[in-house]
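One file, input.csv, carrying CSV, C-alpha atoms:
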chain,number,residue,atom,x,y,z
U,21,MET,CA,44.4,127.7,161.1
U,22,PHE,CA,47.4,130.1,160.9
U,23,LYS,CA,47.8,132.3,157.9
U,24,SER,CA,50.8,134.7,157.2
U,25,PRO,CA,50.1,138.2,155.8
U,26,LYS,CA,51.4,137.1,152.4
U,27,THR,CA,49.1,134.1,152.4
U,28,VAL,CA,46.1,136.4,153.2
U,29,LEU,CA,47.1,138.7,150.3
U,30,TRP,CA,47.3,135.8,147.9
U,31,THR,CA,43.9,134.5,149.1
U,32,ILE,CA,42.3,137.9,148.4
U,33,PHE,CA,44.1,138.9,145.2
U,34,GLY,CA,45.1,135.5,143.8
U,35,ASP,CA,42.9,135.7,140.7
U,36,LEU,CA,44.4,139.1,139.7
U,37,LEU,CA,48.0,138.1,140.3
U,38,GLU,CA,47.9,134.6,138.8
U,39,PRO,CA,48.6,135.7,135.2
U,40,ILE,CA,51.8,137.4,136.2
U,41,SER,CA,52.7,135.4,139.3
U,42,HIS,CA,55.8,133.9,137.8
U,43,PHE,CA,57.4,137.4,137.8
U,44,PHE,CA,57.0,137.9,141.5
U,45,GLU,CA,57.9,136.2,144.7
U,46,LEU,CA,54.5,136.3,146.4
U,47,ARG,CA,53.1,132.8,146.8
U,48,GLY,CA,52.3,131.7,150.2
U,49,ASP,CA,55.3,132.3,152.4
U,50,ASP,CA,57.5,132.8,149.4
U,51,MET,CA,58.9,129.3,148.9
U,52,GLU,CA,59.6,129.2,145.2
U,53,MET,CA,59.2,125.8,143.6
U,54,THR,CA,61.3,125.2,140.5
U,55,LEU,CA,62.6,122.5,138.2
U,56,ARG,CA,66.1,122.3,136.8
U,57,TRP,CA,66.4,122.8,133.1
U,58,TYR,CA,69.6,122.4,131.1
U,59,GLY,CA,68.6,124.3,128.1
U,60,THR,CA,67.3,123.7,124.6
U,61,GLY,CA,69.4,121.0,122.9
U,62,PHE,CA,70.7,119.6,126.2
U,63,ASP,CA,67.5,118.6,128.0
U,64,SER,CA,64.7,116.2,127.0
U,65,VAL,CA,62.2,118.2,129.0
U,66,THR,CA,60.8,121.4,127.4
U,67,LEU,CA,59.9,124.7,129.1
U,68,GLN,CA,56.3,124.2,127.9
U,69,GLN,CA,56.2,120.9,129.9
U,70,ILE,CA,57.6,122.5,133.0
U,71,ARG,CA,55.1,125.3,132.8
U,72,GLN,CA,52.3,122.7,133.1
U,73,VAL,CA,53.6,121.3,136.4
U,74,PRO,CA,51.3,122.8,139.1
U,75,GLY,CA,52.9,125.4,141.2
U,76,VAL,CA,56.2,125.6,139.2
U,77,HIS,CA,56.8,129.1,137.9
U,78,GLY,CA,60.5,129.1,137.5
U,79,VAL,CA,63.5,127.1,136.4
U,80,ILE,CA,67.1,126.7,137.6
U,81,THR,CA,69.3,126.8,134.5
U,82,THR,CA,72.7,127.5,133.1
U,83,LEU,CA,74.7,128.1,129.9
U,84,TYR,CA,75.4,124.4,129.6
U,85,ASP,CA,78.0,124.7,126.9
U,86,SER,CA,80.0,127.4,128.7
U,87,VAL,CA,83.6,126.7,129.5
U,88,PRO,CA,84.7,126.9,133.2
U,89,GLY,CA,86.8,129.9,133.6
U,90,ASP,CA,85.3,132.0,130.8
U,91,ALA,CA,83.2,135.0,131.5
U,92,TRP,CA,79.6,134.6,130.4
U,93,GLU,CA,78.5,136.9,127.6
U,94,LEU,CA,75.7,139.3,128.5
U,95,SER,CA,74.0,138.5,125.2
U,96,ALA,CA,73.9,134.8,126.0
U,97,ILE,CA,72.4,135.4,129.4
U,98,GLN,CA,69.8,137.7,127.9
U,99,LYS,CA,69.0,135.1,125.2
U,100,ILE,CA,68.2,132.3,127.6
U,101,LYS,CA,66.4,134.6,129.9
U,102,LYS,CA,64.1,135.7,127.1
U,103,GLU,CA,63.5,132.1,126.1
U,104,VAL,CA,62.4,131.2,129.6
U,105,GLN,CA,60.2,134.3,130.0
U,106,ASP,CA,58.6,133.7,126.6
U,107,ALA,CA,57.5,130.3,127.9
U,108,GLY,CA,55.8,132.0,130.9
U,109,LEU,CA,58.5,131.2,133.4
U,110,LYS,CA,61.3,133.0,135.2
U,111,ILE,CA,64.9,132.1,135.9
U,112,ALA,CA,65.0,131.6,139.7
U,113,GLY,CA,68.7,130.9,139.8
U,114,ILE,CA,71.7,129.5,138.0
U,115,GLU,CA,73.1,126.0,138.5
U,116,SER,CA,76.0,126.2,137.9
U,117,VAL,CA,78.6,128.7,137.1
U,118,ASN,CA,81.4,126.2,137.2
U,119,ILE,CA,84.7,127.1,138.9
U,120,HIS,CA,88.0,126.7,137.1
U,121,ASP,CA,90.4,124.2,138.6
U,122,ASP,CA,93.1,126.9,139.0
U,123,ILE,CA,90.8,128.5,141.6
U,124,LYS,CA,90.4,125.3,143.5
U,125,ILE,CA,94.0,124.3,143.5
U,126,GLY,CA,95.3,127.9,144.1
U,127,GLY,CA,97.1,128.0,140.7
U,128,GLY,CA,99.0,130.9,139.2
U,129,ASP,CA,96.1,132.0,137.1
U,130,ARG,CA,93.4,131.9,139.7
U,131,ASP,CA,93.0,135.7,140.0
U,132,LYS,CA,92.4,135.9,136.3
U,133,TYR,CA,89.7,133.2,136.5
U,134,ILE,CA,88.2,134.8,139.6
U,135,GLU,CA,88.0,138.1,137.7
U,136,ASN,CA,86.1,136.3,134.9
U,137,TYR,CA,83.8,134.8,137.5
U,138,ILE,CA,83.1,138.3,138.9
U,139,LYS,CA,82.2,139.5,135.4
U,140,THR,CA,79.7,136.7,135.1
U,141,LEU,CA,78.1,137.6,138.4
U,142,GLU,CA,77.9,141.2,137.4
U,143,ARG,CA,76.1,140.3,134.2
U,144,LEU,CA,73.7,137.9,136.0
U,145,GLY,CA,73.0,140.7,138.5
U,146,GLN,CA,72.3,143.2,135.7
U,147,GLU,CA,69.7,140.7,134.4
U,148,ASP,CA,68.0,140.5,137.8
U,149,ILE,CA,69.3,136.9,138.5
U,150,HIS,CA,70.2,136.7,142.2
U,151,MET,CA,71.1,133.1,143.1
U,152,VAL,CA,74.0,131.0,141.9
U,153,CYS,CA,74.5,127.3,142.9
U,154,TYR,CA,78.1,126.1,142.5
U,155,ASN,CA,80.4,123.4,144.0
U,156,PHE,CA,84.0,123.2,145.0
U,157,MET,CA,84.6,119.4,144.4
U,158,PRO,CA,87.8,118.3,142.8
U,159,VAL,CA,87.7,116.4,139.5
U,160,PHE,CA,84.3,114.6,139.9
U,161,ASP,CA,81.2,116.7,140.7
U,162,TRP,CA,79.2,113.7,141.9
U,163,THR,CA,79.8,109.9,141.9
U,164,ARG,CA,77.4,107.0,141.4
U,165,SER,CA,78.2,103.4,140.6
U,166,GLU,CA,75.0,103.0,138.6
U,167,LEU,CA,72.7,105.3,136.7
U,168,ALA,CA,69.9,102.8,135.9
U,169,ARG,CA,69.5,100.4,138.8
U,170,LEU,CA,66.2,98.5,138.2
U,171,CYS,CA,63.7,98.8,141.0
U,172,GLU,CA,60.9,96.3,141.9
U,173,ASP,CA,58.3,98.6,140.2
U,174,GLY,CA,60.2,98.7,137.0
U,175,SER,CA,61.6,102.2,137.4
U,176,THR,CA,65.3,102.9,137.3
U,177,VAL,CA,67.3,105.0,139.6
U,178,LEU,CA,70.8,106.3,140.3
U,179,ALA,CA,72.6,104.2,142.9
U,180,TYR,CA,75.9,103.9,144.8
U,181,ASN,CA,77.8,100.8,146.0
U,182,SER,CA,81.1,101.5,147.7
U,183,LYS,CA,82.5,98.1,146.7
U,184,ALA,CA,81.9,98.8,143.0
U,185,ILE,CA,83.5,102.3,143.3
U,186,ASP,CA,86.5,100.9,145.2
U,187,GLY,CA,87.0,98.4,142.4
U,188,VAL,CA,87.2,100.9,139.6
U,189,LYS,CA,90.1,103.1,138.5
U,190,PRO,CA,89.3,106.9,138.3
U,191,GLU,CA,90.2,107.0,134.6
U,192,GLU,CA,87.6,104.2,134.0
U,193,MET,CA,84.8,106.0,135.7
U,194,PHE,CA,83.7,108.0,132.6
U,195,ALA,CA,83.2,104.9,130.5
U,196,SER,CA,81.1,103.4,133.3
U,197,ILE,CA,79.0,106.6,133.6
U,198,ASP,CA,78.7,107.3,129.9
U,199,LYS,CA,77.3,103.9,128.9
U,200,ASP,CA,74.1,104.6,130.9
U,201,SER,CA,73.8,108.3,130.1
U,202,ASN,CA,71.1,107.7,127.4
U,203,GLY,CA,73.2,109.9,125.0
U,204,PHE,CA,73.0,113.0,127.3
U,205,ILE,CA,76.0,114.9,128.5
U,206,LEU,CA,75.9,114.7,132.2
U,207,PRO,CA,76.9,117.7,134.4
U,208,GLY,CA,80.4,117.3,135.8
U,209,TRP,CA,81.1,114.4,133.4
U,210,GLU,CA,81.7,116.3,130.2
U,211,PRO,CA,83.8,114.2,127.8
U,212,GLU,CA,86.4,116.9,127.3
U,213,ARG,CA,86.9,117.1,131.1
U,214,MET,CA,87.0,113.4,131.6
U,215,ALA,CA,89.7,113.0,128.9
U,216,ARG,CA,91.9,114.9,131.3
U,217,VAL,CA,91.3,112.8,134.4
U,218,LYS,CA,94.9,111.7,134.9
U,219,GLU,CA,96.1,115.3,134.4
U,220,LEU,CA,93.5,116.6,136.9
U,221,PHE,CA,94.5,114.0,139.5
U,222,GLU,CA,98.1,115.2,139.1
U,223,MET,CA,97.0,118.8,139.6
U,224,TYR,CA,95.3,118.0,142.9
U,225,LYS,CA,98.1,115.7,144.2
U,226,SER,CA,99.4,118.4,146.6
U,227,VAL,CA,95.9,119.7,147.6
U,228,ASP,CA,94.6,118.5,150.9
U,229,GLU,CA,91.4,119.5,152.7
U,230,GLU,CA,93.0,122.5,154.4
U,231,LYS,CA,94.4,123.9,151.2
U,232,LEU,CA,91.2,123.3,149.4
U,233,PHE,CA,89.3,125.1,152.2
U,234,ASN,CA,91.6,128.0,152.1
U,235,ASN,CA,91.3,128.3,148.4
U,236,LEU,CA,87.5,128.4,148.7
U,237,VAL,CA,87.7,131.1,151.3
U,238,TYR,CA,90.0,133.1,149.0
U,239,PHE,CA,87.5,132.8,146.2
U,240,LEU,CA,84.5,133.7,148.4
U,241,LYS,CA,86.2,136.8,149.8
U,242,ALA,CA,87.1,138.0,146.3
U,243,ILE,CA,83.5,137.7,145.0
U,244,MET,CA,81.6,139.0,148.0
U,245,PRO,CA,81.8,142.7,146.9
U,246,VAL,CA,80.0,142.0,143.6
U,247,CYS,CA,77.5,139.8,145.4
U,248,ASP,CA,76.8,142.7,147.8
U,249,LYS,CA,76.4,145.1,144.9
U,250,TYR,CA,73.9,143.0,143.0
U,251,ASN,CA,72.3,141.0,145.9
U,252,ILE,CA,73.5,137.7,144.6
U,253,ASP,CA,73.3,134.7,146.9
U,254,MET,CA,76.1,132.1,146.4
U,255,ALA,CA,74.8,128.7,147.4
U,256,ILE,CA,77.5,126.1,147.6
U,257,HIS,CA,76.4,122.5,146.8
U,258,PRO,CA,77.6,119.8,149.1
U,259,ASP,CA,80.1,117.1,148.0
U,260,ASP,CA,78.2,114.1,146.7
U,261,PRO,CA,78.7,111.6,148.3
U,262,ALA,CA,79.7,113.3,151.5
U,263,TRP,CA,83.1,111.7,152.0
U,264,PRO,CA,86.4,111.5,150.1
U,265,VAL,CA,86.3,109.6,146.8
U,266,PHE,CA,89.5,108.2,145.1
U,267,GLY,CA,91.6,110.0,147.7
U,268,LEU,CA,90.4,113.4,146.7
U,269,PRO,CA,89.7,115.9,149.4
U,270,ARG,CA,86.1,116.9,150.2
U,271,ILE,CA,85.3,119.9,152.4
U,272,ILE,CA,81.5,120.5,152.2
U,273,THR,CA,80.3,117.3,153.8
U,274,SER,CA,79.1,117.9,157.4
U,275,GLN,CA,77.6,120.5,159.7
U,276,ASP,CA,80.9,121.3,161.4
U,277,LYS,CA,82.7,121.9,158.1
U,278,VAL,CA,79.9,123.9,156.6
U,279,CYS,CA,79.6,126.1,159.7
U,280,ARG,CA,83.4,126.7,159.6
U,281,MET,CA,83.0,127.9,156.0
U,282,LEU,CA,80.1,130.2,156.8
U,283,LYS,CA,82.0,131.7,159.7
U,284,ALA,CA,85.2,132.2,157.6
U,285,VAL,CA,83.3,134.4,155.2
U,286,ASP,CA,80.5,135.7,157.4
U,287,ASN,CA,78.5,137.5,154.8
U,288,PRO,CA,74.8,136.6,154.3
U,289,HIS,CA,75.4,136.2,150.5
U,290,ASN,CA,77.7,133.3,151.4
U,291,GLY,CA,75.4,130.4,151.9
U,292,LEU,CA,74.3,126.9,151.0
U,293,THR,CA,72.4,124.7,148.6
U,294,PHE,CA,71.0,122.4,151.2
U,295,CYS,CA,70.8,119.1,149.2
U,296,THR,CA,69.3,116.4,151.4
U,297,GLY,CA,70.4,113.7,149.0
U,298,SER,CA,74.0,114.7,149.2
U,299,TYR,CA,74.4,115.5,152.9
U,300,GLY,CA,72.1,112.6,153.6
U,301,THR,CA,74.5,110.1,152.0
U,302,ASN,CA,76.5,110.3,155.3
U,303,ARG,CA,74.1,108.9,158.0
U,304,LYS,CA,76.1,110.8,160.7
U,305,ASN,CA,74.5,114.0,159.3
U,306,ASP,CA,71.3,114.9,161.2
U,307,LEU,CA,69.6,116.8,158.3
U,308,CYS,CA,67.1,118.7,160.5
U,309,GLU,CA,69.7,119.8,163.1
U,310,PHE,CA,71.9,120.8,160.1
U,311,ILE,CA,69.1,123.0,158.8
U,312,LYS,CA,68.7,124.7,162.2
U,313,ALA,CA,72.5,125.3,162.4
U,314,ALA,CA,72.5,126.9,159.0
U,315,GLN,CA,69.4,129.0,159.6
U,316,GLY,CA,69.3,132.1,157.4
U,317,ARG,CA,72.1,130.9,155.1
U,318,ILE,CA,70.2,128.3,153.1
U,319,HIS,CA,69.6,130.0,149.8
U,320,PHE,CA,68.6,127.0,147.8
U,321,ALA,CA,67.1,123.6,148.7
U,322,HIS,CA,67.4,120.3,146.8
U,323,VAL,CA,64.9,118.1,148.5
U,324,ARG,CA,65.0,114.4,147.6
U,325,ASN,CA,64.9,111.0,149.3
U,326,LEU,CA,67.4,108.1,149.5
U,327,LYS,CA,67.0,104.5,150.4
U,328,PHE,CA,69.8,102.7,152.2
U,329,ASN,CA,70.2,99.0,151.5
U,330,THR,CA,72.9,98.2,154.0
U,331,ALA,CA,73.2,98.6,157.8
U,332,ILE,CA,74.9,101.7,159.1
U,333,ASP,CA,77.8,99.6,160.4
U,334,ASP,CA,78.1,97.5,157.2
U,335,PRO,CA,81.6,98.0,155.6
U,336,VAL,CA,79.8,98.1,152.2
U,337,LEU,CA,77.7,101.2,151.7
U,338,ASP,CA,74.8,100.8,149.3
U,339,PHE,CA,72.1,103.3,148.6
U,340,GLN,CA,69.8,104.3,145.8
U,341,GLU,CA,67.8,107.3,145.0
U,342,SER,CA,64.0,106.8,145.5
U,343,ALA,CA,60.8,108.6,144.8
U,344,HIS,CA,60.3,111.7,147.0
U,345,LEU,CA,57.7,110.2,149.3
U,346,SER,CA,59.0,109.4,152.8
U,347,SER,CA,57.6,105.9,152.6
U,348,THR,CA,59.8,105.0,149.6
U,349,GLY,CA,63.1,105.9,151.2
U,350,SER,CA,65.0,106.4,154.4
U,351,PHE,CA,64.3,110.1,155.1
U,352,ASP,CA,61.3,111.7,156.9
U,353,MET,CA,60.5,114.2,154.1
U,354,PHE,CA,57.8,116.0,156.1
U,355,LYS,CA,60.1,116.6,159.0
U,356,ILE,CA,62.7,118.0,156.6
U,357,VAL,CA,60.2,120.4,154.9
U,358,LYS,CA,58.7,121.3,158.3
U,359,THR,CA,62.2,122.2,159.7
U,360,LEU,CA,62.9,124.4,156.6
U,361,TYR,CA,59.5,126.1,157.2
U,362,GLU,CA,59.9,126.6,160.9
U,363,THR,CA,63.4,128.1,160.5
U,364,GLY,CA,62.2,130.8,158.1
U,365,PHE,CA,63.3,129.3,154.7
U,366,ASP,CA,61.5,131.2,152.0
U,367,GLY,CA,63.8,130.6,149.1
U,368,VAL,CA,64.2,128.6,145.9
U,369,ILE,CA,63.5,124.9,146.1
U,370,ARG,CA,63.4,122.1,143.6
U,371,PRO,CA,62.8,118.3,143.6
U,372,ASP,CA,66.1,116.6,142.8
U,373,HIS,CA,67.0,113.4,141.0
U,374,GLY,CA,63.9,111.6,140.0
U,375,ARG,CA,63.4,108.0,139.0
U,376,THR,CA,63.1,107.2,135.3
U,377,ILE,CA,59.5,106.1,134.9
U,378,TRP,CA,56.7,105.4,132.3
U,379,GLY,CA,59.2,104.7,129.5
U,380,GLU,CA,60.7,108.1,129.4
U,381,LYS,CA,64.0,108.5,127.7
U,382,CYS,CA,65.9,111.3,129.5
U,383,MET,CA,69.1,112.3,131.3
U,384,PRO,CA,69.3,109.9,134.3
U,385,GLY,CA,67.8,111.6,137.3
U,386,TYR,CA,66.4,114.5,135.2
U,387,GLY,CA,63.3,113.2,133.5
U,388,LEU,CA,60.0,115.1,133.7
U,389,TYR,CA,57.6,112.7,135.2
U,390,ASP,CA,59.0,111.7,138.6
U,391,ARG,CA,60.3,115.2,139.2
U,392,ALA,CA,56.9,116.6,138.5
U,393,LEU,CA,55.5,114.2,141.0
U,394,GLY,CA,58.1,115.3,143.5
U,395,ALA,CA,57.4,119.0,143.0
U,396,THR,CA,53.7,118.5,143.7
U,397,TYR,CA,54.4,116.2,146.7
U,398,LEU,CA,56.8,118.8,148.2
U,399,GLN,CA,54.3,121.6,147.7
U,400,GLY,CA,51.7,119.5,149.5
U,401,LEU,CA,54.0,119.1,152.5
U,402,TRP,CA,54.7,122.9,152.4
U,403,GLU,CA,51.0,123.7,152.3
U,404,ALA,CA,50.4,121.5,155.3
U,405,CYS,CA,53.0,123.5,157.2
U,406,GLU,CA,51.5,126.8,156.0
U,407,LYS,CA,48.1,125.8,157.3
U,408,THR,CA,49.1,124.3,160.7
U,409,ILE,CA,52.2,126.3,161.8
U,410,ASP,CA,52.3,129.9,162.8
U,411,ARG,CA,55.6,131.4,161.8
U,412,SER,CA,54.5,135.0,162.0
U,413,GLY,CA,57.3,135.6,164.6
U,414,VAL,CA,60.0,133.8,162.6
U,415,LYS,CA,62.5,136.0,160.7
U,416,LEU,CA,62.3,134.9,157.0
U,417,TYR,CA,65.4,134.7,154.9
U,418,ARG,CA,64.5,137.2,152.2
Could you quickly redo this structure as structure tokens?
Amino acid sequence: MFKSPKTVLWTIFGDLLEPISHFFELRGDDMEMTLRWYGTGFDSVTLQQIRQVPGVHGVITTLYDSVPGDAWELSAIQKIKKEVQDAGLKIAGIESVNIHDDIKIGGGDRDKYIENYIKTLERLGQEDIHMVCYNFMPVFDWTRSELARLCEDGSTVLAYNSKAIDGVKPEEMFASIDKDSNGFILPGWEPERMARVKELFEMYKSVDEEKLFNNLVYFLKAIMPVCDKYNIDMAIHPDDPAWPVFGLPRIITSQDKVCRMLKAVDNPHNGLTFCTGSYGTNRKNDLCEFIKAAQGRIHFAHVRNLKFNTAIDDPVLDFQESAHLSSTGSFDMFKIVKTLYETGFDGVIRPDHGRTIWGEKCMPGYGLYDRALGATYLQGLWEACEKTIDRSGVKLYR
């Protein structure tokens, strides 16, 4: 049985460190299991409930009512940080600091909004928060045709059917999504933003993939100095699904495109959120080879499973999100976790969209129960790696 030095330290001093373990990054080989939390008033799940999930000592959160383009107030960051710490947890990262559309389209006010973004990063750094997940998707952050597809076991899941999406107009998407939201405001589908769908499509009319890519590079180069100063890892989330939707350009969809982005701004703070359920929507993406190609630049991992219901050559693409176990979907979850481990990943990880189970009323994909099951399952896979694989010679990320 192989044990890293950090594992040995935890074995010897675990009882002493346990009461304050959530303030440190010293558990096993430093993988940090978290759950996403939208904040009081926006989430059906409480911090007290999250604290009771075995092995979860941190949350990924945000100022959910913040306006894209505005600089976050230091006092607001301090308030949510205190709330999290008072519950016995820590803020492991932010998801998301949303990017104003002027930055994405290269509009005349983009430098003003980039400056505001830099102020936000400065204030996060001052509060010892060092990872930010964000995306560069035009108009829609993520797209699903159903938020509550009924499964054989009685649970409901998010699902995608390309024929259903192709048959709907962009301006009708919000109504389709909102009716199954259980009364929650969904990230990327805020009513005030969706009221501007036609205007947003007009804004992006002249933006193709190359222009969107260049605008991303411009943004990243502008913020790298503050990231260097405060040791902030920027973790871009992939486009979901990993192909163009409604004719809008998508640039974070494949290994080649991501490697181009990493090379264009070759700074270790410019990295990825490796979301298996987003990259994995495109079955041409080999997830484990992708992890190897991005070694050292994966700052955050969303690990979830998908189940494909149509053949790879079927003109209609249909998939649904499943429980995290390999046997319930189309991904080899152990192989994914093993590849992360073997390539030195030691960062923040969370289970992603869970099923709605056991009668819970929650934001679709973000209930407590199935994500708690996912967190414990993923930790079991990680423990198996720790106990059977020697990575003492592998350079860890952090």
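Computed from the coordinates, the atom CA of Arg317 of chain U to atom CA of Leu282 of chain U distance equals 8.2 Å.
Considering all atoms listed in the file, the residue among U:Leu170, U:Lys304, U:Pro269, U:Pro258 positioned nearest to Leu232 of chain U is U:Pro269.
Here atom CA of Pro261 of chain U stands at a distance of 5.7 Å from atom CA of Ser298 of chain U.
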Near segment 384-392 of chain U, counting all atoms listed in the file, which residues have an atom at most 8 Å away, once you skip same-chain residues fewer than 4 positions from it, shown as a count of residues only?
25
Just the residues within 8 Å of Leu307 of chain U, please, counting all atoms listed in the file, with nothing from its chain fewer than 5 positions along; format it as an MDAnalysis selection string.
chainID U and resid 296 299:300 356
Can you pull out every residue within 7 Å of Pro88 of chain U, counting only C-alpha atoms, but drop anything in the same chain fewer than 4 positions away, and send it as a VMD selection string?
chain U and resid 118 to 120
Closest pair table for segment 69-172 of chain U residues within 10 Å of segment 187-196 of chain U, all atoms listed in the file, as CSV:
residue,atom,partner,partner_atom,distance
U:Val159,CA,U:Pro190,CA,9.7
U:Phe160,CA,U:Pro190,CA,9.3
U:Thr163,CA,U:Met193,CA,8.9
U:Arg164,CA,U:Met193,CA,9.4
U:Ser165,CA,U:Ser196,CA,7.9
U:Glu166,CA,U:Ser196,CA,8.1
U:Leu167,CA,U:Ser196,CA,9.3
Spatial neighbours of Glu309 of chain U, 12 Å, all atoms listed in the file, chain gap at least 3 places, as a ChimeraX atom specification
/U:274-276,304-306,312-315,355-356,359-360,363
Residue contacts of Ser226 of chain U (12 Å, all atoms listed in the file) excluding same-chain residues fewer than 4 positions away, as an mmCIF file with C-alpha atoms, in the frame of the given file:
data_model
loop_
_atom_site.group_PDB
_atom_site.id
_atom_site.type_symbol
_atom_site.label_atom_id
_atom_site.label_comp_id
_atom_site.auth_asym_id
_atom_site.auth_seq_id
_atom_site.Cartn_x
_atom_site.Cartn_y
_atom_site.Cartn_z
ATOM 1 C CA LYS U 124 90.400 125.300 143.500
ATOM 2 C CA ILE U 125 94.000 124.300 143.500
ATOM 3 C CA GLY U 126 95.300 127.900 144.100
ATOM 4 C CA GLY U 127 97.100 128.000 140.700
ATOM 5 C CA LEU U 220 93.500 116.600 136.900
ATOM 6 C CA PHE U 221 94.500 114.000 139.500
ATOM 7 C CA GLU U 222 98.100 115.200 139.100
ATOM 8 C CA GLU U 230 93.000 122.500 154.400
ATOM 9 C CA LYS U 231 94.400 123.900 151.200
ATOM 10 C CA LEU U 232 91.200 123.300 149.400
ATOM 11 C CA GLY U 267 91.600 110.000 147.700
ATOM 12 C CA LEU U 268 90.400 113.400 146.700
ATOM 13 C CA PRO U 269 89.700 115.900 149.400
#
